[in-house]
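Undergrad: Attaching a single structure in structure tokens format; questions to follow.
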Amino acid sequence: MKTPPFFANLANALVLFCFVFLIPTYSWALALDESKHLLLRAGFGAKPSIVQQLVGFTKSQSIHYLLNLKASSESLPSCMNEALPTRKERKAYTQEQRRAVSKKRRVCANELRAWYLQDLINDEAVLRNQMTLFWHNHFTSSLRKVKAPQLIYQQHRRINALALGDFSKLLMAMVKDPAMLIYLDNVNNSKLKPNENLGRELLELFTLGEGNYTEADVRSAAQALTGLGVNPNTYQTVLRKKRHDNSVKQIFQSDKIRSADDLVSAILAQPQTSIYITKAMWLHFISEEDSDQIKRIAKQFAKDWDIAKLVVAVLNSQQFWQDQGQMFKSPVELVVGSAQLFKGLKVSLKRLLKMQREMGQNLFDPPNVKGWPKGKNWIDANKLLVRSQLTSQLARAISANMAQMGAPYCTGNMTMLSALEVPELTPSENSMGDNCQKRLVKLVTDPSWQLK
Amino acid sequence: MKRRDFLYFGGATAMAAGFPSLALSARAKTPVLILIELNGGNDSHNTVLDREQLGIYKMLRPTLGLADDERVTLDKRFALHRSLTDFKVPWDKGELALVHGLGYPHANKSHFRSIEIWDMASAHDEYLSSGWLANVLPNISKSEINALTFGRNALPFSGGAASHVQLENLSSYFKKIQRVKENNQASSNSALNHLLGLNQNIQNSKAALMRGLSKDIKLKQNFPNNNFGKQMADIAKVIRMDLHVPAFKVAIGSFDTHRGQKGKHQQLLKQLADGMMALRGELIQSGHWSNILMMTYSEFGRRAGQNGSAGSDHGTAASHFLMGGRVRGGHFGEYPSFEQLENKDVVHNVDFRALYQSVVRDWWQQDNFTLASGLPSLDLIHPA
């Protein structure tokens with residue numbers, strides 16, 4: 001089913017008869033709790049505005065509707081437009097200037113994070129944003145190491161543009177991305193003195209997965225990447241011929257490669273690459289692995305590397321629709337989802353970012369090259385405590401501003417808000433006062449609010 | 001996926017408190033193990049130096065190698081990185097053991113997989129679901145809480161019967177748990193159950209810490225004012241509360257020094273030594289020292305030779321430290337030979353699981369504790 005949404009009503013009206021006979025059951029119109037499930041996983045929560053749009057759509061149509069939502073963007077912090085210092089300028093810094101520059105960089109980095117969080121909250125293109133975060137967590141780089149927020153932003157732009165595009169292009173873009181080259185030390189990787197960091201992580205974490213390559217492959221990959229660095233004045237990617245080892249290297253037993261381009265082609269020719277990426281995508285949306293399904297979808301994916309099609313295949317699987325409430329919201333999903341559902345939440349971006357960091361997800365700063373935690377590793381005792389602080393704050397905000405934040409849900413269907421059943425009020429809680437407010441407070445402070 | 005344990009409560013459990021305490025009466029001091037993770041892969045060739053191999057060491061590491069003034073003599077054969085100078089004090093008292101050549105066959109060079117292998121105490125191709133201490137800790141003491149992890153990675157305690165929590169520091173943790181309420185919900189949803197289990201662990205830790213904090217412990221020692229130092233101070237505090245928590249874990253890093261290693265490594269080792277020595281001083285004064293065992297570990301050591309960017313790449317075997325009041329001081333295992341490299345890496349000669357198994361058996365008298373068959377026992381501990 002790939003009917004574009006604007007044909008949907010027409011198609012339904014005209015060929016209803018055919019539908020009855022030809023379309024398997026899973027493409028019937030979405031039930032409300034299915035639409036909620038889709039939006040909790042492929043978006044950040046069941047925003048009433050989008051739920052409205054999905055009424056009458058089949059599962060497949062809903063997925064395509066989300067894929068096609070147009071992105072809007074917040075205006076960038078002005079420090080993003082400031083030029084980075086040339087090598088000569090950097091060399092001439094006094095101690096004092098150096099301190100001032102690094103302070104400015106920190107301020108700018110925080111502005112960039114605030115910009116991104118605001119963008120995630122306001123932007124309608126929820127599935128694209130989910131995928132952008134997914135790739136940030138896959139092709140990791142951190143502000144802590146890269147330092148220049150401008151380079152991290154440029155990487156973000158590249159990821160965002162290709163988040164639902166061609167994986168082979170995304171992979172090539174990331175291997176040659178200045179922030180990545182700095183983050184994984186490839187700027188220091190030369191013919192005479194190879195540095196394996198990027199070569200190793202490229203195979204281990206970005207494409208093949210641990211156990212699917214040899215140490216010899218790592219060395220060959222590192223050699224193919226020698227000389228690929230960043231110009232110290234323009235901050236563009238350069239290939240320094242003198243530092244590049246252009247000899248023929250053997251990789252994956254029989255492949256012969258010289259350059260980074262050859263390396264990427266050799267990696268893409270390994271069937272394991274599509275399996276590894278498909279598995280990562282599967283586990284982003286579904287709590288349990290299914291290796292047969294993953295292999296089947298991977299085979300298709302390897303034909304055209306179309307990420308959007310891969311997302312559709314995963315979301316169309318039966319396992320996805322049977323997995324309701326079995327996953328944990330990431331800190332960003334928790335914050336963004338709460339802020340989207342409860343408009344008028346007056347907590348400063350700065351505070352939200354701080355809590356996100358304490359919950360383990362500092363935007364543009366994953367803890368290490370493997371990225372932020374996944375699955376149940378998101379939450380330990382300490383992080384659960386920060387999550388409860390956040391939801392208590394949310395509960396207080398709702399109570400203080402029922403008219404704007406809570407009321408819309410008092411008349412409508414509250415079960416749309418949370419992945420699991422809304423916990424019932426106890427008889428004593430039920431006896432007096434504003435029950436809607438109490439139910440909302442109970443809803444967002446219940447552990448089930450952490451689930452999707 | 002293989003499972004060594006048959007007790008799997010998925011992150012919980014309140015049941016831990018109900019386990020029979022086999023070894024110790026409530027009055028006796030509980031032997032405490034403090035795991036110190038050198039996160040990122042510590043360059044142990046620049047931490048402990050075998051001077052008998054100095055010639056080849058200098059060839060492998062012409063600029064990265066420790067010069068005369070960057071190391072301090074430990075005994076006739078070995079030297080330590082200068083940052084570890086203070087380790088001479090416990091060394092001279094026979095309270096410091098160096099275990100050389102720790103590793104495992106078919107070394108894995110992925111940070112993530114290799115630390116998992118160490119934390120689960122698995123073979124290189126074995127995938128286990130619980131940490132090496134996850135099921136033994138409830139046997140050690142009657143404390144409501146079996147382990148505290150400060151900072152990253154609680155894998156050694158995870159996935160089994162141990163009730164454990166992870167925190168950054170004591171004061172902020174304690175502030176946060178004040179408002180946490182009991183939640184006796186039960187659910188068929190495993191994700192929700194995981195959260196309820198964590199909530200139960202928080203309750204357990206709250207009960208214990210409430211008692212402990214009422215004792216208002218004041219530390220006598222100055223702990224270094226860095227993250228590791230502060231966390232070591234918190235650990236010393238909890239030990240002095242006599243809550244009988246048998247295990248702690250703390251991490252310091254990143255030791256992943258691919259580039260510009262010297263300054264960073266020197267700084268990290270200094271922090272490590274200062275933190276460990278402060279804890280030692282504190283617990284000698286308080287009378288706990290004979291029941292304390294600190295043990296360092298790391299996902300791997302580093303390549304024998306230096307790399308092209310004044311650093312070192314991922315390697316294999318490494319030396320590690322055990323320090324404590326009842327440690328049998330000295331050298332254990334053979335320092336790997338720089339002449340017999342395999343793919344440019346030194347070869348391990350002590351399986352880390354032999355170390356783990358010996359520690360659990362001898363430190364906590366768990367004679368039947370077995371991580372794999374045929375592991376030799378290392379005689380590292382003086383009996384109480």
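In the structure tokens, chains take the letters A, B, ... in the order shown, each chain's residues start at 1, and ligands count up from 1 in the order shown.
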As a list in words, please: the residues near Lys249 of chain A (cut-off 9 Å, only C-alpha atoms, same-chain neighbours under 4 positions excluded).

TA: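 Near neighbours after the sequence-gap exclusion: Ser220, Ala221, Gln223, Ala224, Asp255, Lys256, Ile257 and Arg258 of chain A.
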
Undergrad: What residues in chain B have any atom no more than 7 Å from chain A when counting only C-alpha atoms, and can you write them as a list of chain:residue names?

TA: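 So the residues of chain B near chain A are B:Val165, B:Gln166, B:Leu167, B:Tyr173, B:Lys176, B:Ile177, B:Asn189, B:Ala191, B:Leu192, B:Leu195, B:Leu198, B:Ile202, B:Asn307, B:Gly308, B:Ser309.
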
Undergrad: Output N, CA and C atoms for every residue in that selection, as a compact mmCIF listing (two decimals), in the first residue's frame.

TA:
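Wrote part_15.txt, looks like this:
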# COMPACT_ATOMS: atom_id res chain seq x y z
N VAL B 165 21.43 0.29 43.26
CA VAL B 165 21.05 1.54 42.62
C VAL B 165 22.29 2.24 42.08
N GLN B 166 22.03 3.16 41.15
CA GLN B 166 23.10 3.89 40.49
C GLN B 166 22.87 5.37 40.77
N LEU B 167 23.91 6.07 41.16
CA LEU B 167 23.73 7.48 41.50
C LEU B 167 24.98 8.28 41.14
N TYR B 173 21.30 12.55 45.40
CA TYR B 173 20.47 11.34 45.36
C TYR B 173 19.51 11.35 46.54
N LYS B 176 16.68 13.68 46.11
CA LYS B 176 15.67 13.21 45.15
C LYS B 176 14.79 12.10 45.71
N ILE B 177 15.34 11.22 46.54
CA ILE B 177 14.51 10.08 46.97
C ILE B 177 13.52 10.46 48.06
N ASN B 189 3.07 -6.09 32.04
CA ASN B 189 3.92 -5.40 31.07
C ASN B 189 5.36 -5.39 31.60
N ALA B 191 8.08 -3.91 30.62
CA ALA B 191 8.72 -2.59 30.70
C ALA B 191 8.28 -1.88 31.98
N LEU B 192 6.98 -1.94 32.24
CA LEU B 192 6.46 -1.31 33.46
C LEU B 192 7.03 -2.00 34.71
N LEU B 195 10.37 -0.71 35.68
CA LEU B 195 10.31 0.56 36.42
C LEU B 195 9.89 0.33 37.87
N LEU B 198 12.84 -0.95 39.78
CA LEU B 198 13.76 0.13 40.12
C LEU B 198 13.22 0.93 41.30
N ILE B 202 14.97 1.66 44.87
CA ILE B 202 15.12 3.01 45.44
C ILE B 202 14.58 3.03 46.88
N ASN B 307 51.10 4.89 18.72
CA ASN B 307 50.55 5.15 17.39
C ASN B 307 51.10 6.45 16.85
N GLY B 308 50.53 6.95 15.75
CA GLY B 308 51.09 8.12 15.08
C GLY B 308 50.68 9.45 15.68
N SER B 309 49.77 9.44 16.65
CA SER B 309 49.32 10.72 17.17
C SER B 309 49.62 10.84 18.66

Undergrad: With only C-alpha atoms as the atoms that count, which of B:Ile115, B:Ala273, B:Ala161, B:Ala384 lies nearest to Met323 of chain B?

TA: B:Ala273

Undergrad: Neighbouring residues of Ser205 of chain B were defined as those with any atom within 10 Å, considering only C-alpha atoms; residues of the same chain fewer than 4 positions away were excluded. Please report them as a ChimeraX atom specification.

TA: /A:381 /B:143-148,163-165,174,177,199-201,209-210

Undergrad: Using only all heavy atoms, please write the residues we just selected to a file, as a CSV table (one decimal), in the first residue's frame.

TA:
chain,number,residue,atom,x,y,z
A,381,ALA,N,18.2,3.8,38.6
A,381,ALA,CA,17.5,4.4,39.8
A,381,ALA,C,17.6,5.9,39.8
A,381,ALA,O,16.6,6.6,39.9
A,381,ALA,CB,18.1,3.8,41.1
B,143,SER,N,22.1,-6.4,54.3
B,143,SER,CA,21.7,-5.0,54.0
B,143,SER,C,20.6,-5.0,52.9
B,143,SER,O,20.5,-5.9,52.1
B,143,SER,CB,22.9,-4.3,53.4
B,143,SER,OG,22.5,-3.2,52.7
B,144,GLU,N,19.7,-4.0,53.0
B,144,GLU,CA,18.5,-3.9,52.1
B,144,GLU,C,19.1,-3.7,50.7
B,144,GLU,O,18.4,-4.0,49.7
B,144,GLU,CB,17.6,-2.7,52.4
B,144,GLU,CG,17.0,-2.7,53.8
B,144,GLU,CD,17.9,-1.9,54.7
B,144,GLU,OE1,19.1,-2.0,54.7
B,144,GLU,OE2,17.3,-1.2,55.6
B,145,ILE,N,20.2,-3.1,50.6
B,145,ILE,CA,20.8,-2.7,49.3
B,145,ILE,C,22.1,-3.4,49.1
B,145,ILE,O,22.9,-3.4,50.0
B,145,ILE,CB,20.8,-1.2,49.1
B,145,ILE,CG1,21.1,-0.8,47.7
B,145,ILE,CG2,21.8,-0.5,50.0
B,145,ILE,CD1,19.8,-0.7,46.9
B,146,ASN,N,22.3,-4.1,48.0
B,146,ASN,CA,23.5,-5.0,47.9
B,146,ASN,C,24.7,-4.2,47.2
B,146,ASN,O,25.8,-4.6,47.4
B,146,ASN,CB,23.2,-6.2,47.0
B,146,ASN,CG,22.1,-7.0,47.6
B,146,ASN,OD1,21.1,-7.4,47.0
B,146,ASN,ND2,22.2,-7.4,48.9
B,147,ALA,N,24.4,-3.2,46.5
B,147,ALA,CA,25.5,-2.5,45.8
B,147,ALA,C,25.1,-1.1,45.4
B,147,ALA,O,23.9,-0.8,45.1
B,147,ALA,CB,25.9,-3.3,44.6
B,148,LEU,N,26.1,-0.2,45.4
B,148,LEU,CA,25.9,1.2,44.9
B,148,LEU,C,26.9,1.4,43.8
B,148,LEU,O,28.1,1.1,43.9
B,148,LEU,CB,26.1,2.2,46.0
B,148,LEU,CG,25.2,2.2,47.3
B,148,LEU,CD1,25.7,3.3,48.2
B,148,LEU,CD2,23.8,2.4,46.9
B,163,SER,N,19.9,-6.3,44.7
B,163,SER,CA,19.2,-5.0,44.8
B,163,SER,C,20.2,-3.9,44.7
B,163,SER,O,21.1,-3.8,45.6
B,163,SER,CB,18.4,-4.9,46.1
B,163,SER,OG,18.0,-3.6,46.3
B,164,HIS,N,20.3,-3.1,43.7
B,164,HIS,CA,21.3,-2.1,43.6
B,164,HIS,C,20.8,-0.8,43.0
B,164,HIS,O,19.8,-0.8,42.3
B,164,HIS,CB,22.5,-2.6,42.7
B,164,HIS,CG,22.1,-2.9,41.3
B,164,HIS,ND1,22.5,-2.0,40.3
B,164,HIS,CD2,21.3,-3.8,40.7
B,164,HIS,CE1,22.0,-2.5,39.1
B,164,HIS,NE2,21.3,-3.5,39.4
B,165,VAL,N,21.4,0.3,43.3
B,165,VAL,CA,21.1,1.5,42.6
B,165,VAL,C,22.3,2.2,42.1
B,165,VAL,O,23.4,2.0,42.5
B,165,VAL,CB,20.3,2.5,43.6
B,165,VAL,CG1,19.0,1.9,44.0
B,165,VAL,CG2,21.1,2.9,44.8
B,174,PHE,N,20.0,11.7,47.7
B,174,PHE,CA,19.2,11.6,48.9
B,174,PHE,C,18.1,12.7,48.8
B,174,PHE,O,17.0,12.4,49.2
B,174,PHE,CB,20.0,11.8,50.1
B,174,PHE,CG,19.3,11.4,51.4
B,174,PHE,CD1,19.0,10.1,51.5
B,174,PHE,CD2,18.9,12.3,52.3
B,174,PHE,CE1,18.2,9.7,52.6
B,174,PHE,CE2,18.1,11.9,53.4
B,174,PHE,CZ,17.8,10.6,53.6
B,177,ILE,N,15.3,11.2,46.5
B,177,ILE,CA,14.5,10.1,47.0
B,177,ILE,C,13.5,10.5,48.1
B,177,ILE,O,12.6,9.7,48.4
B,177,ILE,CB,15.3,8.9,47.4
B,177,ILE,CG1,16.3,9.2,48.6
B,177,ILE,CG2,16.1,8.2,46.3
B,177,ILE,CD1,17.1,8.0,49.0
B,199,ASN,N,11.9,1.2,41.3
B,199,ASN,CA,11.3,1.9,42.3
B,199,ASN,C,11.5,1.2,43.7
B,199,ASN,O,11.8,1.8,44.7
B,199,ASN,CB,9.8,2.1,42.0
B,199,ASN,CG,9.2,3.2,42.9
B,199,ASN,OD1,9.6,4.4,42.7
B,199,ASN,ND2,8.3,2.9,43.8
B,200,GLN,N,11.4,-0.1,43.6
B,200,GLN,CA,11.6,-0.9,44.8
B,200,GLN,C,13.0,-0.8,45.3
B,200,GLN,O,13.3,-0.6,46.5
B,200,GLN,CB,11.2,-2.4,44.6
B,200,GLN,CG,11.2,-3.3,45.8
B,200,GLN,CD,10.3,-2.7,46.9
B,200,GLN,OE1,9.2,-2.5,46.7
B,200,GLN,NE2,10.9,-2.5,48.1
B,201,ASN,N,14.0,-0.9,44.4
B,201,ASN,CA,15.4,-0.7,44.8
B,201,ASN,C,15.6,0.7,45.4
B,201,ASN,O,16.4,0.8,46.4
B,201,ASN,CB,16.3,-0.9,43.6
B,201,ASN,CG,16.4,-2.3,43.1
B,201,ASN,OD1,15.9,-3.2,43.8
B,201,ASN,ND2,17.0,-2.6,42.0
B,209,LEU,N,19.8,4.3,53.6
B,209,LEU,CA,20.5,5.6,53.7
B,209,LEU,C,19.9,6.5,54.8
B,209,LEU,O,20.6,7.3,55.5
B,209,LEU,CB,20.5,6.3,52.4
B,209,LEU,CG,21.4,5.7,51.3
B,209,LEU,CD1,21.2,6.4,50.0
B,209,LEU,CD2,22.9,5.7,51.7
B,210,MET,N,18.6,6.4,55.1
B,210,MET,CA,18.0,7.1,56.2
B,210,MET,C,18.7,6.8,57.5
B,210,MET,O,19.0,7.7,58.3
B,210,MET,CB,16.5,6.8,56.3
B,210,MET,CG,15.6,7.3,55.2
B,210,MET,SD,15.2,9.0,55.3
B,210,MET,CE,13.7,8.8,56.1

Undergrad: So that I can check the secondary structure, give me every residue of segment 173-225 of chain B assigned alpha helix (DSSP H) by backbone DSSP, as a list in words.

TA: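 The alpha helix (DSSP H) subset of segment 173-225 of chain B is Tyr173, Phe174, Lys175, Lys176, Ile177, Ser190, Ala191, Leu192, Asn193, His194, Leu195, Leu196, Gly197, Leu198, Asn199, Gln200, Asn201, Ile202, Gln203, Asn204, Ser205, Lys206, Ala207, Ala208, Leu209, Met210, Arg211, Gly212 and Leu213 of chain B.
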
Undergrad: Output N, CA and C atoms for every residue in the selection just made, as a CSV table (one decimal), in the first residue's frame.

TA:
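Output (selection_17.csv):
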chain,number,residue,atom,x,y,z
B,173,TYR,N,21.3,12.5,45.4
B,173,TYR,CA,20.5,11.3,45.4
B,173,TYR,C,19.5,11.3,46.5
B,174,PHE,N,20.0,11.7,47.7
B,174,PHE,CA,19.2,11.6,48.9
B,174,PHE,C,18.1,12.7,48.8
B,175,LYS,N,18.4,13.8,48.3
B,175,LYS,CA,17.4,14.9,48.1
B,175,LYS,C,16.3,14.3,47.2
B,176,LYS,N,16.7,13.7,46.1
B,176,LYS,CA,15.7,13.2,45.2
B,176,LYS,C,14.8,12.1,45.7
B,177,ILE,N,15.3,11.2,46.5
B,177,ILE,CA,14.5,10.1,47.0
B,177,ILE,C,13.5,10.5,48.1
B,190,SER,N,6.3,-6.0,30.9
B,190,SER,CA,7.6,-6.2,31.4
B,190,SER,C,8.4,-4.8,31.5
B,191,ALA,N,8.1,-3.9,30.6
B,191,ALA,CA,8.7,-2.6,30.7
B,191,ALA,C,8.3,-1.9,32.0
B,192,LEU,N,7.0,-1.9,32.2
B,192,LEU,CA,6.5,-1.3,33.5
B,192,LEU,C,7.0,-2.0,34.7
B,193,ASN,N,7.1,-3.3,34.6
B,193,ASN,CA,7.7,-4.0,35.8
B,193,ASN,C,9.1,-3.6,36.1
B,194,HIS,N,9.9,-3.4,35.0
B,194,HIS,CA,11.3,-2.9,35.2
B,194,HIS,C,11.3,-1.6,36.0
B,195,LEU,N,10.4,-0.7,35.7
B,195,LEU,CA,10.3,0.6,36.4
B,195,LEU,C,9.9,0.3,37.9
B,196,LEU,N,8.9,-0.6,38.1
B,196,LEU,CA,8.5,-0.8,39.4
B,196,LEU,C,9.6,-1.5,40.2
B,197,GLY,N,10.4,-2.3,39.6
B,197,GLY,CA,11.6,-2.9,40.2
B,197,GLY,C,12.6,-1.9,40.7
B,198,LEU,N,12.8,-1.0,39.8
B,198,LEU,CA,13.8,0.1,40.1
B,198,LEU,C,13.2,0.9,41.3
B,199,ASN,N,11.9,1.2,41.3
B,199,ASN,CA,11.3,1.9,42.3
B,199,ASN,C,11.5,1.2,43.7
B,200,GLN,N,11.4,-0.1,43.6
B,200,GLN,CA,11.6,-0.9,44.8
B,200,GLN,C,13.0,-0.8,45.3
B,201,ASN,N,14.0,-0.9,44.4
B,201,ASN,CA,15.4,-0.7,44.8
B,201,ASN,C,15.6,0.7,45.4
B,202,ILE,N,15.0,1.7,44.9
B,202,ILE,CA,15.1,3.0,45.4
B,202,ILE,C,14.6,3.0,46.9
B,203,GLN,N,13.4,2.4,47.1
B,203,GLN,CA,12.9,2.3,48.4
B,203,GLN,C,13.9,1.6,49.4
B,204,ASN,N,14.5,0.5,48.9
B,204,ASN,CA,15.4,-0.2,49.7
B,204,ASN,C,16.6,0.7,50.1
B,205,SER,N,17.1,1.4,49.1
B,205,SER,CA,18.3,2.3,49.4
B,205,SER,C,17.9,3.4,50.3
B,206,LYS,N,16.6,3.9,50.2
B,206,LYS,CA,16.2,5.0,51.0
B,206,LYS,C,16.2,4.5,52.5
B,207,ALA,N,15.6,3.3,52.7
B,207,ALA,CA,15.6,2.8,54.1
B,207,ALA,C,17.0,2.8,54.7
B,208,ALA,N,17.9,2.2,53.9
B,208,ALA,CA,19.3,2.1,54.4
B,208,ALA,C,19.9,3.4,54.6
B,209,LEU,N,19.8,4.3,53.6
B,209,LEU,CA,20.5,5.6,53.7
B,209,LEU,C,19.9,6.5,54.8
B,210,MET,N,18.6,6.4,55.1
B,210,MET,CA,18.0,7.1,56.2
B,210,MET,C,18.7,6.8,57.5
B,211,ARG,N,18.9,5.5,57.7
B,211,ARG,CA,19.6,5.1,58.9
B,211,ARG,C,21.0,5.6,58.9
B,212,GLY,N,21.6,5.5,57.8
B,212,GLY,CA,23.1,5.9,57.7
B,212,GLY,C,23.3,7.4,57.9
B,213,LEU,N,22.4,8.2,57.3
B,213,LEU,CA,22.6,9.6,57.3
B,213,LEU,C,22.3,10.2,58.7

Undergrad: Mind checking which residues fall within 9 Å of His81 of chain B, counting only C-alpha atoms, ignoring those fewer than 6 positions away in the same chain, and posting them as a list in words?

TA: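 Non-adjacent residues within range: Asn46, Thr47, Val48, Leu49, Leu66, Glu70, Arg71, Val72, Thr73, Gln266 and Leu269 of chain B.
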
Undergrad: Give me every strand (DSSP E) residue in segment 153-276 of chain A, going by DSSP on the backbone, as a list in words.

TA: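 For segment 153-276 of chain A, the strand (DSSP E) set is Leu228, Gly229, Val230, Thr237, Val238, Leu239, Lys249, Gln250, Ile251, Asp255, Lys256 and Ile257 of chain A.
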
Undergrad: I'd like the interatomic distance between atom CA of His138 of chain A and atom CA of Ile277 of chain A, to a tenth of an Å.

TA: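 Between these atoms lies a distance of 9.4 Å.
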
Undergrad: Near Arg77 of chain B, counting only C-alpha atoms, which residues have an atom at most 8 Å away, once you skip same-chain residues fewer than 3 positions from it, shown as a PyMOL selection string?

TA: chain B and resi 50-52+74

Undergrad: Mind checking which residues fall within 9 Å of Ile292 of chain B, counting only C-alpha atoms, ignoring those fewer than 6 positions away in the same chain, and posting them as a ChimeraX atom specification?

TA: /B:30-34,280,283,323-327

Undergrad: Quick one: residues within 6 Å of segment 44-56 of chain A, only C-alpha atoms, excluding same-chain residues fewer than 5 positions away - as a list in words?

TA: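 Everything that qualifies: Ala29, Lys36, Leu39, Ser62, Glu333, Gly337 and Leu341 of chain A.
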
Undergrad: Which value, in Å to one decimal, gives the distance between atom CA of Lys88 of chain A and atom CA of Val101 of chain A?

TA: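 Computed distance, atom CA of Lys88 of chain A to atom CA of Val101 of chain A, equals 14.7 Å.
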
Undergrad: Tell me which of B:Lys220, B:Lys215, B:Lys76, B:Lys29 sits closest to Ile284 of chain B, counting only C-alpha atoms.

TA: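 Going through B:Lys220, B:Lys215, B:Lys76, B:Lys29 one by one, the smallest distance to Ile284 of chain B is for B:Lys220.
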
Undergrad: Give the answer as one residue: which of B:Gly131, B:Pro138, B:Gly103, B:Gly94 has the shortest atom-to-atom distance to Pro246 of chain B, using only C-alpha atoms?

TA: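 Closest residue, counting only C-alpha atoms: B:Pro138.
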
Undergrad: When you draw a straight line from atom CA of Gln150 of chain A to atom CA of Ala173 of chain A, how long is it in Å?

TA: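 These atoms are spaced 16.5 Å apart.
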